[in-house]
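Undergrad: Dropping in protein_18.pdb, with PDB, C-alpha atoms and all ligand atoms.
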```pdb
MODEL        1
ATOM      1  CA  MET A 195     349.383  -2.337 116.824
ATOM      2  CA  ALA A 196     351.397   0.028 119.044
ATOM      3  CA  PRO A 197     352.557  -1.541 122.318
ATOM      4  CA  GLN A 198     350.687  -0.583 125.488
ATOM      5  CA  ARG A 199     352.895   1.914 127.323
ATOM      6  CA  THR A 200     353.321   1.952 131.092
ATOM      7  CA  ALA A 201     353.248   5.330 132.839
ATOM      8  CA  LEU A 202     354.227   6.200 136.406
ATOM      9  CA  VAL A 203     352.398   9.283 137.686
ATOM     10  CA  THR A 204     353.772  10.560 140.996
ATOM     11  CA  GLY A 205     351.289  12.177 143.362
ATOM     12  CA  ALA A 206     348.295  10.516 141.686
ATOM     13  CA  THR A 207     346.098  10.698 144.790
ATOM     14  CA  SER A 208     344.790  14.235 144.240
ATOM     15  CA  GLY A 209     344.777  17.321 142.045
ATOM     16  CA  ILE A 210     346.716  17.363 138.798
ATOM     17  CA  GLY A 211     348.226  13.882 139.250
ATOM     18  CA  LEU A 212     344.801  12.321 139.778
ATOM     19  CA  GLU A 213     343.550  13.884 136.538
ATOM     20  CA  VAL A 214     346.656  12.823 134.602
ATOM     21  CA  ALA A 215     346.158   9.254 135.834
ATOM     22  CA  ARG A 216     342.473   9.364 134.837
ATOM     23  CA  GLU A 217     343.256  10.717 131.363
ATOM     24  CA  LEU A 218     345.986   8.124 130.752
ATOM     25  CA  VAL A 219     343.755   5.219 131.865
ATOM     26  CA  ASN A 220     341.037   6.501 129.512
ATOM     27  CA  ARG A 221     343.572   6.559 126.683
ATOM     28  CA  GLY A 222     344.602   2.937 127.187
ATOM     29  CA  TYR A 223     347.879   3.285 129.091
ATOM     30  CA  ARG A 224     348.865   1.019 131.945
ATOM     31  CA  VAL A 225     349.034   3.497 134.819
ATOM     32  CA  ILE A 226     350.966   3.221 138.071
ATOM     33  CA  GLY A 227     350.007   6.013 140.451
ATOM     34  CA  SER A 228     351.940   6.915 143.573
ATOM     35  CA  GLY A 229     351.043   8.397 146.936
ATOM     36  CA  ARG A 230     352.833   8.372 150.276
ATOM     37  CA  ASN A 231     350.227   6.074 151.842
ATOM     38  CA  PRO A 232     348.120   4.507 149.093
ATOM     39  CA  GLU A 233     346.964   1.759 151.472
ATOM     40  CA  ARG A 234     344.954   4.432 153.308
ATOM     41  CA  LEU A 235     342.929   5.381 150.217
ATOM     42  CA  ALA A 236     339.247   4.572 150.535
ATOM     43  CA  ASP A 237     337.689   2.569 147.707
ATOM     44  CA  ASP A 238     336.021   5.668 146.263
ATOM     45  CA  GLU A 239     339.397   7.500 146.272
ATOM     46  CA  ARG A 240     340.978   4.865 144.022
ATOM     47  CA  LEU A 241     340.723   5.328 140.281
ATOM     48  CA  PRO A 242     339.664   2.143 138.498
ATOM     49  CA  GLY A 243     342.513   0.943 136.313
ATOM     50  CA  VAL A 244     345.294   2.584 138.354
ATOM     51  CA  GLU A 245     347.841   0.398 140.161
ATOM     52  CA  TYR A 246     348.864   2.216 143.340
ATOM     53  CA  VAL A 247     352.368   2.212 144.764
ATOM     54  CA  ALA A 248     353.883   3.834 147.860
ATOM     55  CA  LEU A 249     356.397   6.612 147.220
ATOM     56  CA  ASP A 250     357.640   9.318 149.563
ATOM     57  CA  LEU A 251     360.051  11.477 147.586
ATOM     58  CA  ALA A 252     361.388  12.959 150.821
ATOM     59  CA  ASP A 253     362.795   9.523 151.670
ATOM     60  CA  ARG A 254     365.512   8.029 149.429
ATOM     61  CA  ASP A 255     364.819   4.502 150.686
ATOM     62  CA  SER A 256     361.209   4.888 149.569
ATOM     63  CA  ILE A 257     362.367   5.886 146.064
ATOM     64  CA  HIS A 258     364.548   2.789 145.928
ATOM     65  CA  ALA A 259     361.705   0.549 147.175
ATOM     66  CA  CYS A 260     359.270   2.078 144.673
ATOM     67  CA  THR A 261     361.471   1.545 141.615
ATOM     68  CA  THR A 262     362.266  -2.005 142.753
ATOM     69  CA  ALA A 263     358.541  -2.724 143.128
ATOM     70  CA  ILE A 264     357.379  -1.286 139.797
ATOM     71  CA  GLY A 265     360.183  -2.396 137.466
ATOM     72  CA  ASP A 266     360.411  -0.830 134.012
ATOM     73  CA  VAL A 267     358.194   2.052 132.920
ATOM     74  CA  ASP A 268     358.096   3.897 129.590
ATOM     75  CA  ILE A 269     356.763   7.230 130.841
ATOM     76  CA  VAL A 270     357.147   9.129 134.099
ATOM     77  CA  VAL A 271     355.199  12.216 135.117
ATOM     78  CA  HIS A 272     356.985  13.952 137.993
ATOM     79  CA  ASN A 273     353.932  15.643 139.436
ATOM     80  CA  ALA A 274     354.166  15.109 143.221
ATOM     81  CA  GLY A 275     355.368  18.077 145.173
ATOM     82  CA  GLU A 276     355.261  20.111 148.355
ATOM     83  CA  SER A 277     354.037  23.700 148.214
ATOM     84  CA  GLN A 278     356.121  25.540 150.812
ATOM     85  CA  SER A 279     355.845  29.163 151.931
ATOM     86  CA  GLY A 280     357.794  31.283 154.370
ATOM     87  CA  PRO A 281     360.062  34.319 154.556
ATOM     88  CA  VAL A 282     363.584  33.352 153.504
ATOM     89  CA  GLU A 283     365.020  34.506 156.858
ATOM     90  CA  GLU A 284     362.741  32.188 158.816
ATOM     91  CA  LEU A 285     362.733  28.961 156.782
ATOM     92  CA  PRO A 286     364.160  26.131 158.937
ATOM     93  CA  ASP A 287     367.058  24.188 157.389
ATOM     94  CA  GLU A 288     365.169  20.918 157.629
ATOM     95  CA  ALA A 289     362.155  22.355 155.786
ATOM     96  CA  VAL A 290     364.310  23.582 152.886
ATOM     97  CA  ASP A 291     366.204  20.265 152.815
ATOM     98  CA  ARG A 292     362.926  18.323 152.696
ATOM     99  CA  LEU A 293     361.490  20.558 149.988
ATOM    100  CA  PHE A 294     364.518  20.105 147.737
ATOM    101  CA  GLN A 295     364.596  16.355 148.376
ATOM    102  CA  THR A 296     360.874  16.100 147.521
ATOM    103  CA  ASN A 297     360.616  18.553 144.625
ATOM    104  CA  VAL A 298     364.076  18.253 143.023
ATOM    105  CA  PHE A 299     366.415  15.486 144.234
ATOM    106  CA  GLY A 300     363.590  12.913 144.393
ATOM    107  CA  PRO A 301     362.547  13.419 140.757
ATOM    108  CA  VAL A 302     366.228  13.406 139.720
ATOM    109  CA  GLN A 303     366.877  10.132 141.591
ATOM    110  CA  LEU A 304     363.708   8.547 140.227
ATOM    111  CA  THR A 305     364.599   9.581 136.673
ATOM    112  CA  GLN A 306     368.102   8.126 137.015
ATOM    113  CA  ARG A 307     366.639   4.763 138.005
ATOM    114  CA  LEU A 308     364.054   4.693 135.214
ATOM    115  CA  LEU A 309     366.294   5.846 132.365
ATOM    116  CA  PRO A 310     368.256   2.668 131.524
ATOM    117  CA  HIS A 311     365.089   0.924 130.286
ATOM    118  CA  MET A 312     363.819   3.958 128.350
ATOM    119  CA  ARG A 313     367.178   4.622 126.700
ATOM    120  CA  GLY A 314     367.733   0.923 125.998
ATOM    121  CA  GLN A 315     364.430   0.547 124.146
ATOM    122  CA  GLY A 316     364.776   3.881 122.302
ATOM    123  CA  TYR A 317     361.545   5.284 123.683
ATOM    124  CA  GLY A 318     360.750   7.262 126.814
ATOM    125  CA  ARG A 319     358.859  10.297 128.041
ATOM    126  CA  VAL A 320     359.734  12.270 131.163
ATOM    127  CA  VAL A 321     357.440  15.135 132.122
ATOM    128  CA  THR A 322     358.369  17.398 135.024
ATOM    129  CA  VAL A 323     355.686  19.564 136.622
ATOM    130  CA  GLY A 324     357.132  22.887 137.706
ATOM    131  CA  SER A 325     355.344  26.131 138.439
ATOM    132  CA  MET A 326     354.981  29.502 136.742
ATOM    133  CA  LEU A 327     356.412  30.862 140.010
ATOM    134  CA  ALA A 328     359.817  29.677 138.742
ATOM    135  CA  SER A 329     359.461  32.034 135.780
ATOM    136  CA  PHE A 330     357.720  34.747 137.816
ATOM    137  CA  PRO A 331     359.129  34.600 141.376
ATOM    138  CA  LEU A 332     357.116  35.844 144.336
ATOM    139  CA  ALA A 333     358.011  37.021 147.847
ATOM    140  CA  HIS A 334     357.834  34.442 150.669
ATOM    141  CA  ARG A 335     357.977  31.562 148.177
ATOM    142  CA  GLY A 336     361.778  31.559 147.896
ATOM    143  CA  SER A 337     362.366  27.871 148.584
ATOM    144  CA  TYR A 338     359.503  26.788 146.303
ATOM    145  CA  CYS A 339     360.486  29.129 143.426
ATOM    146  CA  ALA A 340     364.105  27.947 143.717
ATOM    147  CA  ALA A 341     363.157  24.265 143.757
ATOM    148  CA  LYS A 342     360.880  24.579 140.721
ATOM    149  CA  ALA A 343     363.569  26.561 138.847
ATOM    150  CA  ALA A 344     366.067  23.796 139.674
ATOM    151  CA  LEU A 345     363.665  21.141 138.382
ATOM    152  CA  LYS A 346     363.242  23.101 135.152
ATOM    153  CA  GLY A 347     367.027  23.333 134.677
ATOM    154  CA  PHE A 348     367.355  19.599 135.237
ATOM    155  CA  ALA A 349     364.577  18.813 132.754
ATOM    156  CA  LEU A 350     365.805  21.058 129.958
ATOM    157  CA  SER A 351     369.387  19.852 130.304
ATOM    158  CA  ALA A 352     368.385  16.171 130.473
ATOM    159  CA  ARG A 353     366.264  16.652 127.356
ATOM    160  CA  GLN A 354     369.309  17.655 125.293
ATOM    161  CA  GLU A 355     371.208  14.659 126.574
ATOM    162  CA  LEU A 356     368.449  12.092 126.079
ATOM    163  CA  SER A 357     366.594  13.081 122.905
ATOM    164  CA  PRO A 358     369.173  11.351 120.624
ATOM    165  CA  PHE A 359     368.043   8.108 122.322
ATOM    166  CA  GLY A 360     364.314   8.709 121.734
ATOM    167  CA  VAL A 361     363.760   9.783 125.345
ATOM    168  CA  TRP A 362     362.047  13.175 125.377
ATOM    169  CA  VAL A 363     361.902  15.344 128.490
ATOM    170  CA  SER A 364     359.361  18.165 128.749
ATOM    171  CA  HIS A 365     358.752  20.690 131.490
ATOM    172  CA  VAL A 366     355.213  21.913 132.257
ATOM    173  CA  GLU A 367     354.643  25.104 134.261
ATOM    174  CA  PRO A 368     351.113  25.403 135.684
ATOM    175  CA  GLY A 369     349.804  28.776 136.841
ATOM    176  CA  SER A 370     346.970  28.882 139.400
ATOM    177  CA  ILE A 371     345.121  25.554 139.377
ATOM    178  CA  ALA A 372     342.060  24.812 141.527
ATOM    179  CA  THR A 373     343.196  21.628 143.276
ATOM    180  CA  GLY A 374     342.850  22.633 146.922
ATOM    181  CA  ILE A 375     346.654  22.697 147.260
ATOM    182  CA  GLY A 376     346.230  25.851 149.376
ATOM    183  CA  THR A 377     344.928  23.724 152.245
ATOM    184  CA  ARG A 378     347.977  21.412 151.992
ATOM    185  CA  ARG A 379     350.662  24.118 151.835
ATOM    186  CA  THR A 380     353.412  24.064 154.475
ATOM    187  CA  HIS A 381     353.907  27.422 156.242
ATOM    188  CA  TYR A 382     356.995  28.591 158.092
ATOM    189  CA  ILE A 383     356.674  31.958 159.782
ATOM    190  CA  ALA A 384     357.949  32.841 163.242
ATOM    191  CA  GLU A 385     355.760  34.199 166.003
ATOM    192  CA  GLY A 386     355.958  38.005 165.988
ATOM    193  CA  SER A 387     357.602  37.910 162.552
ATOM    194  CA  PRO A 388     358.296  41.324 160.982
ATOM    195  CA  TYR A 389     357.069  39.745 157.711
ATOM    196  CA  GLN A 390     353.670  38.689 159.090
ATOM    197  CA  ALA A 391     351.465  41.380 157.492
ATOM    198  CA  ASP A 392     353.026  41.002 154.027
ATOM    199  CA  TYR A 393     352.971  37.228 154.384
ATOM    200  CA  ASP A 394     349.275  37.113 155.271
ATOM    201  CA  THR A 395     348.414  39.404 152.348
ATOM    202  CA  MET A 396     350.391  37.270 149.917
ATOM    203  CA  ILE A 397     348.878  33.980 151.166
ATOM    204  CA  THR A 398     345.311  35.352 151.054
ATOM    205  CA  HIS A 399     345.779  36.366 147.423
ATOM    206  CA  LEU A 400     347.653  33.162 146.524
ATOM    207  CA  ASP A 401     344.876  30.968 147.916
ATOM    208  CA  ALA A 402     342.158  33.054 146.230
ATOM    209  CA  ASN A 403     344.010  32.831 142.889
ATOM    210  CA  GLU A 404     344.337  29.060 143.290
ATOM    211  CA  GLN A 405     340.640  28.636 144.136
ATOM    212  CA  SER A 406     339.594  30.612 141.051
ATOM    213  CA  GLY A 407     342.198  28.903 138.861
ATOM    214  CA  ILE A 408     341.622  26.563 135.945
ATOM    215  CA  SER A 409     340.747  22.901 136.465
ATOM    216  CA  PRO A 410     343.393  20.218 137.008
ATOM    217  CA  ALA A 411     341.795  18.294 134.121
ATOM    218  CA  THR A 412     342.930  21.073 131.751
ATOM    219  CA  VAL A 413     346.514  20.769 133.012
ATOM    220  CA  ALA A 414     346.278  16.982 132.615
ATOM    221  CA  LYS A 415     345.419  17.448 128.925
ATOM    222  CA  THR A 416     348.579  19.543 128.459
ATOM    223  CA  ILE A 417     350.671  16.885 130.224
ATOM    224  CA  VAL A 418     349.205  14.158 128.006
ATOM    225  CA  LYS A 419     350.032  16.334 124.985
ATOM    226  CA  ALA A 420     353.637  16.414 126.224
ATOM    227  CA  ILE A 421     353.586  12.596 126.379
ATOM    228  CA  GLU A 422     351.973  11.957 123.005
ATOM    229  CA  ALA A 423     353.531  14.631 120.770
ATOM    230  CA  ASP A 424     356.377  13.382 118.604
ATOM    231  CA  PRO A 425     358.553  15.095 119.436
ATOM    232  CA  PRO A 426     357.067  16.949 122.414
ATOM    233  CA  ARG A 427     357.965  20.585 123.030
ATOM    234  CA  GLU A 428     360.523  21.332 125.718
ATOM    235  CA  PHE A 429     358.267  23.703 127.617
ATOM    236  CA  TYR A 430     354.525  24.072 128.172
ATOM    237  CA  ALA A 431     352.778  26.657 130.370
ATOM    238  CA  VAL A 432     349.100  26.397 131.310
ATOM    239  CA  GLY A 433     346.753  28.466 133.493
ATOM    240  CA  SER A 434     346.961  32.076 134.722
ATOM    241  CA  ASN A 435     346.717  33.371 131.141
ATOM    242  CA  ALA A 436     350.123  31.834 130.436
ATOM    243  CA  PRO A 437     350.384  32.727 126.703
ATOM    244  CA  LEU A 438     349.636  36.396 127.436
ATOM    245  CA  VAL A 439     351.888  36.563 130.500
ATOM    246  CA  PHE A 440     354.889  34.959 128.788
ATOM    247  CA  ALA A 441     354.409  37.244 125.753
ATOM    248  CA  LEU A 442     354.299  40.261 128.082
ATOM    249  CA  ARG A 443     357.542  39.147 129.709
ATOM    250  CA  ARG A 444     359.272  39.411 126.344
ATOM    251  CA  LEU A 445     357.854  42.855 125.655
ATOM    252  CA  VAL A 446     358.180  44.878 128.867
ATOM    253  CA  PRO A 447     361.119  45.421 131.279
ATOM    254  CA  ARG A 448     361.586  42.700 133.898
ATOM    255  CA  SER A 449     360.964  45.184 136.735
ATOM    256  CA  VAL A 450     357.468  45.855 135.376
ATOM    257  CA  VAL A 451     356.662  42.134 135.330
ATOM    258  CA  THR A 452     358.028  41.724 138.877
ATOM    259  CA  SER A 453     355.795  44.538 140.054
ATOM    260  CA  LEU A 454     352.737  43.035 138.295
ATOM    261  CA  VAL A 455     353.324  39.631 139.916
ATOM    262  CA  ALA A 456     353.653  41.261 143.358
ATOM    263  CA  ARG A 457     350.464  43.279 142.837
ATOM    264  CA  ARG A 458     348.530  40.186 141.777
ATOM    265  CA  HIS A 459     349.374  38.940 145.276
ATOM    266  CA  GLY A 460     348.460  42.181 147.049
ATOM    267  CA  LEU A 461     352.062  43.371 147.509
ATOM    268  CA  LYS A 462     353.533  46.704 146.363
ATOM    269  CA  ARG A 463     357.037  46.321 144.924
TER     270      ARG A 463
HETATM  271  N1  LIG B   1     347.689  23.784 142.194
HETATM  272  C1  LIG B   1     348.429  24.775 141.725
HETATM  273  O1  LIG B   1     347.992  25.957 141.693
HETATM  274  C2  LIG B   1     349.821  24.506 141.204
HETATM  275  C3  LIG B   1     350.468  25.551 140.534
HETATM  276  C4  LIG B   1     351.743  25.336 140.039
HETATM  277  C5  LIG B   1     352.372  24.125 140.206
HETATM  278  N2  LIG B   1     351.730  23.122 140.875
HETATM  279  C6  LIG B   1     352.462  21.855 141.030
HETATM  280  O2  LIG B   1     351.676  20.808 140.512
HETATM  281  C7  LIG B   1     351.955  19.598 141.214
HETATM  282  C8  LIG B   1     350.654  18.990 141.712
HETATM  283  O3  LIG B   1     350.009  19.945 142.527
HETATM  284  P1  LIG B   1     348.481  19.818 142.970
HETATM  285  O4  LIG B   1     347.936  21.187 143.027
HETATM  286  O5  LIG B   1     347.794  18.786 142.175
HETATM  287  O6  LIG B   1     348.711  19.360 144.484
HETATM  288  P2  LIG B   1     347.989  18.297 145.424
HETATM  289  O7  LIG B   1     346.551  18.133 145.029
HETATM  290  O8  LIG B   1     348.306  18.711 146.811
HETATM  291  O9  LIG B   1     348.733  16.951 145.070
HETATM  292  C9  LIG B   1     350.053  16.733 145.464
HETATM  293  C10 LIG B   1     350.369  15.261 145.264
HETATM  294  O10 LIG B   1     351.736  15.057 145.661
HETATM  295  C11 LIG B   1     351.793  13.963 146.582
HETATM  296  N3  LIG B   1     352.870  14.233 147.528
HETATM  297  C12 LIG B   1     352.971  15.246 148.409
HETATM  298  N4  LIG B   1     354.122  15.156 149.101
HETATM  299  C13 LIG B   1     354.768  14.054 148.640
HETATM  300  C14 LIG B   1     356.005  13.417 148.942
HETATM  301  N5  LIG B   1     356.813  13.862 149.910
HETATM  302  N6  LIG B   1     356.335  12.317 148.248
HETATM  303  C15 LIG B   1     355.541  11.816 147.295
HETATM  304  N7  LIG B   1     354.347  12.350 146.961
HETATM  305  C16 LIG B   1     353.966  13.465 147.633
HETATM  306  C17 LIG B   1     350.423  13.905 147.238
HETATM  307  O11 LIG B   1     350.118  12.570 147.571
HETATM  308  P3  LIG B   1     349.949  11.986 149.058
HETATM  309  O12 LIG B   1     349.560  13.126 149.953
HETATM  310  O13 LIG B   1     348.898  10.944 148.888
HETATM  311  O14 LIG B   1     351.292  11.422 149.358
HETATM  312  C18 LIG B   1     349.496  14.347 146.114
HETATM  313  O15 LIG B   1     349.092  13.254 145.337
HETATM  314  C19 LIG B   1     352.920  19.968 142.346
HETATM  315  O16 LIG B   1     354.243  19.678 141.942
HETATM  316  C20 LIG B   1     352.727  21.473 142.475
HETATM  317  O17 LIG B   1     353.875  22.102 142.991
HETATM  318  C21 LIG B   1     350.456  23.276 141.382
ENDMDL
END
```
Re-express the file's structure as structure tokens.

TA:
Amino acid sequence: MAPQRTALVTGATSGIGLEVARELVNRGYRVIGSGRNPERLADDERLPGVEYVALDLADRDSIHACTTAIGDVDIVVHNAGESQSGPVEELPDEAVDRLFQTNVFGPVQLTQRLLPHMRGQGYGRVVTVGSMLASFPLAHRGSYCAAKAALKGFALSARQELSPFGVWVSHVEPGSIATGIGTRRTHYIAEGSPYQADYDTMITHLDANEQSGISPATVAKTIVKAIEADPPREFYAVGSNAPLVFALRRLVPRSVVTSLVARRHGLKR
């Protein structure tokens, strides 16, 4: 009989992470799910079968405490993230620093701590959750697009390094997914900003696209595929008609794709 694998799912308290945790529990994995304040979860917000652990990726001490508390894991799904918006000119330094610590450096630091066990036993799965906005950048999402592109670069490079040891890294890019993330986005725009009208248009369309997006359970199935395939693919995209959109990107000039992405968000470029 195959050994029971232990999976850490970051950001398992809502949205995509919650559905990944649910799917993995249903499939017989031991699941550790993280949130910044899991002790505040009400009983009906806790998934049966999930062991909750505190993890704030914006805080390096919290990453250290989390890995010390959980010990060895065989699988990590780097799902937790901040969705940040704001015109490049107006993003405060501390907001960009926090975003990169949460969405890039945190997953890198967590991976570094979890790798010795995976490499040593000749089995491991690391799944990073990016965003199609890294492949199709959008105005006023500069910090977020950059962070997700950085995460993708990390994942695809680490994969080449680790696959000879049986540790497979895959990167998943979701499109618009109906998780309610729009209500949790961080916004940075100055009072009287010259970007205000464009910004409001973009956010209105972004939130509407998210609300009419596919379900997080569908993304969870793709992430589980990336865990269970042998070997998994390096890249998966899901939602927002991903197969069609990526095919189009290969067929038409980049400027046309840029213009289509802008128009989908109400902007003329
Ligand atoms: N929804 C979409 O349309 C979409 C599209 C593309 C990519 N994505 C990506 O998919 C991932 C999940 O998104 P989602 O839509 O499921 O969002 P969500 O429902 O808002 O969930 C985000 C999760 O991340 C955790 N989290 C937030 N800040 C954290 C921090 N500093 N440290 C540790 N955990 C933190 C939250 O937990 P606590 O609040 O309990 O700490 C929560 O469990 C994110 O990486 C997001 O960028 C989403």

Undergrad: Please enumerate the residues selected by the PyMOL selection byres (((chain A and resi 280) around 8) and not hetatm) when evaluated against the supplied file, formatted as a list in words.

TA: Gln278, Ser279, Pro281, Val282, Glu284, Leu285, His334, Arg335, Gly336, His381, Tyr382, Ile383 and Tyr393 of chain A

Undergrad: Between atom CA of A:Val446 and atom CA of A:Ser370, measure the distance and give it in Å to one decimal.

TA: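 Between atom CA of A:Val446 and atom CA of A:Ser370 the gap works out to 22.2 Å.
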
Undergrad: In Å, with one decimal, what is the gap from atom CA of A:Glu276 to atom CA of A:Leu251?

TA: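 Spanning atom CA of A:Glu276 to atom CA of A:Leu251 is a straight-line distance of 9.9 Å.
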
Undergrad: Atom CA of A:Ala423 and atom CA of A:Thr262, how far apart in Å?

TA: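 Computed distance, atom CA of A:Thr262 to atom CA of A:Ala423, equals 28.9 Å.
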
Undergrad: Can you list, as a list in words, every protein, DNA or RNA residue that comes within 12 Å of A:Gly222 when you count all atoms listed in the file, leaving out same-chain residues fewer than 6 positions away?

TA: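 In the requested form, the answer reads Ala196, Pro197, Gln198, Arg199, Thr200, Ala201, Ala215, Arg216, Gly243 and Val244 of chain A.
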
Undergrad: Leaving out stretch 450-457 of chain A and any residue of its chain fewer than 2 positions from it, which residues lie within 12 Å of it when counting all atoms listed in the file, given as a JSON list (two decimals) with C-alpha atoms, in the frame of the given file?

TA:
```
[["chain", "number", "residue", "atom", "x", "y", "z"],
["A", 326, "MET", "CA", 354.98, 29.50, 136.74],
["A", 327, "LEU", "CA", 356.41, 30.86, 140.01],
["A", 328, "ALA", "CA", 359.82, 29.68, 138.74],
["A", 329, "SER", "CA", 359.46, 32.03, 135.78],
["A", 330, "PHE", "CA", 357.72, 34.75, 137.82],
["A", 331, "PRO", "CA", 359.13, 34.60, 141.38],
["A", 332, "LEU", "CA", 357.12, 35.84, 144.34],
["A", 333, "ALA", "CA", 358.01, 37.02, 147.85],
["A", 334, "HIS", "CA", 357.83, 34.44, 150.67],
["A", 335, "ARG", "CA", 357.98, 31.56, 148.18],
["A", 369, "GLY", "CA", 349.80, 28.78, 136.84],
["A", 392, "ASP", "CA", 353.03, 41.00, 154.03],
["A", 393, "TYR", "CA", 352.97, 37.23, 154.38],
["A", 395, "THR", "CA", 348.41, 39.40, 152.35],
["A", 396, "MET", "CA", 350.39, 37.27, 149.92],
["A", 397, "ILE", "CA", 348.88, 33.98, 151.17],
["A", 399, "HIS", "CA", 345.78, 36.37, 147.42],
["A", 400, "LEU", "CA", 347.65, 33.16, 146.52],
["A", 403, "ASN", "CA", 344.01, 32.83, 142.89],
["A", 434, "SER", "CA", 346.96, 32.08, 134.72],
["A", 439, "VAL", "CA", 351.89, 36.56, 130.50],
["A", 440, "PHE", "CA", 354.89, 34.96, 128.79],
["A", 441, "ALA", "CA", 354.41, 37.24, 125.75],
["A", 442, "LEU", "CA", 354.30, 40.26, 128.08],
["A", 443, "ARG", "CA", 357.54, 39.15, 129.71],
["A", 444, "ARG", "CA", 359.27, 39.41, 126.34],
["A", 445, "LEU", "CA", 357.85, 42.86, 125.66],
["A", 446, "VAL", "CA", 358.18, 44.88, 128.87],
["A", 447, "PRO", "CA", 361.12, 45.42, 131.28],
["A", 448, "ARG", "CA", 361.59, 42.70, 133.90],
["A", 459, "HIS", "CA", 349.37, 38.94, 145.28],
["A", 460, "GLY", "CA", 348.46, 42.18, 147.05],
["A", 461, "LEU", "CA", 352.06, 43.37, 147.51],
["A", 462, "LYS", "CA", 353.53, 46.70, 146.36],
["A", 463, "ARG", "CA", 357.04, 46.32, 144.92]]
```

Undergrad: Neighbours of ligand LIG 1 (chain B) at 6 Å or closer, counting all atoms listed in the file: which residues, as a ChimeraX atom specification?

TA: /A:205-211,229-231,249-252,273-277,296,323-325,368-373,375,378,404

Undergrad: Could you write those residues out with C-alpha atoms, as a compact mmCIF listing (two decimals), keeping the file's coordinate frame?

TA:
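Produced file result29.txt, reproduced below:
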```
# COMPACT_ATOMS: atom_id res chain seq x y z
CA GLY A 205 351.29 12.18 143.36
CA ALA A 206 348.30 10.52 141.69
CA THR A 207 346.10 10.70 144.79
CA SER A 208 344.79 14.24 144.24
CA GLY A 209 344.78 17.32 142.04
CA ILE A 210 346.72 17.36 138.80
CA GLY A 211 348.23 13.88 139.25
CA GLY A 229 351.04 8.40 146.94
CA ARG A 230 352.83 8.37 150.28
CA ASN A 231 350.23 6.07 151.84
CA LEU A 249 356.40 6.61 147.22
CA ASP A 250 357.64 9.32 149.56
CA LEU A 251 360.05 11.48 147.59
CA ALA A 252 361.39 12.96 150.82
CA ASN A 273 353.93 15.64 139.44
CA ALA A 274 354.17 15.11 143.22
CA GLY A 275 355.37 18.08 145.17
CA GLU A 276 355.26 20.11 148.35
CA SER A 277 354.04 23.70 148.21
CA THR A 296 360.87 16.10 147.52
CA VAL A 323 355.69 19.56 136.62
CA GLY A 324 357.13 22.89 137.71
CA SER A 325 355.34 26.13 138.44
CA PRO A 368 351.11 25.40 135.68
CA GLY A 369 349.80 28.78 136.84
CA SER A 370 346.97 28.88 139.40
CA ILE A 371 345.12 25.55 139.38
CA ALA A 372 342.06 24.81 141.53
CA THR A 373 343.20 21.63 143.28
CA ILE A 375 346.65 22.70 147.26
CA ARG A 378 347.98 21.41 151.99
CA GLU A 404 344.34 29.06 143.29
```

Undergrad: Applied to the shown file, which residues does the PyMOL selection byres (((chain A and resi 352) around 10) and not hetatm) return, written as a PyMOL selection string?

TA: chain A and resi 302+305+320+346-351+353-357+361-364

Undergrad: Translate the PyMOL selection byres (((chain A and resi 218) around 12) and not hetatm) into a concrete residue list for this structure, as a short mmCIF file (atom, residue, chain, number, x, y, z; two decimals) with C-alpha atoms, in the coordinates of the input.

TA:
```cif
data_model
loop_
_atom_site.label_atom_id
_atom_site.label_comp_id
_atom_site.auth_asym_id
_atom_site.auth_seq_id
_atom_site.Cartn_x
_atom_site.Cartn_y
_atom_site.Cartn_z
CA GLN A 198 350.69 -0.58 125.49
CA ARG A 199 352.90 1.91 127.32
CA THR A 200 353.32 1.95 131.09
CA ALA A 201 353.25 5.33 132.84
CA LEU A 202 354.23 6.20 136.41
CA VAL A 203 352.40 9.28 137.69
CA ALA A 206 348.30 10.52 141.69
CA GLY A 211 348.23 13.88 139.25
CA LEU A 212 344.80 12.32 139.78
CA GLU A 213 343.55 13.88 136.54
CA VAL A 214 346.66 12.82 134.60
CA ALA A 215 346.16 9.25 135.83
CA ARG A 216 342.47 9.36 134.84
CA GLU A 217 343.26 10.72 131.36
CA VAL A 219 343.76 5.22 131.86
CA ASN A 220 341.04 6.50 129.51
CA ARG A 221 343.57 6.56 126.68
CA GLY A 222 344.60 2.94 127.19
CA TYR A 223 347.88 3.28 129.09
CA ARG A 224 348.86 1.02 131.94
CA VAL A 225 349.03 3.50 134.82
CA ILE A 226 350.97 3.22 138.07
CA GLY A 227 350.01 6.01 140.45
CA LEU A 241 340.72 5.33 140.28
CA PRO A 242 339.66 2.14 138.50
CA GLY A 243 342.51 0.94 136.31
CA VAL A 244 345.29 2.58 138.35
CA ILE A 269 356.76 7.23 130.84
CA VAL A 270 357.15 9.13 134.10
CA VAL A 271 355.20 12.22 135.12
CA ALA A 411 341.80 18.29 134.12
CA ALA A 414 346.28 16.98 132.62
CA LYS A 415 345.42 17.45 128.93
CA THR A 416 348.58 19.54 128.46
CA ILE A 417 350.67 16.89 130.22
CA VAL A 418 349.20 14.16 128.01
CA LYS A 419 350.03 16.33 124.98
CA ILE A 421 353.59 12.60 126.38
CA GLU A 422 351.97 11.96 123.00
#
```

Undergrad: Write out as lines of an AutoDock Vina configuration file an axis-aligned box for stretch 303-310 of chain A: all of its atoms listed in the file, 3 Å added on each side, centre and edge lengths in Å with one decimal.

TA:
```
center_x = 366.0
center_y = 6.4
center_z = 136.6
size_x = 10.5
size_y = 13.5
size_z = 16.1
```

Undergrad: Using all atoms listed in the file, which of the listed residues (A:Gly318, A:Pro286, A:Ala340, A:Arg234) sits closest to A:Pro426?

TA: A:Gly318

Undergrad: Between A:Glu283, A:Asp291, A:Ala420, A:Ala236, single out the one closest to A:Tyr389, counting all atoms listed in the file.

TA: A:Glu283
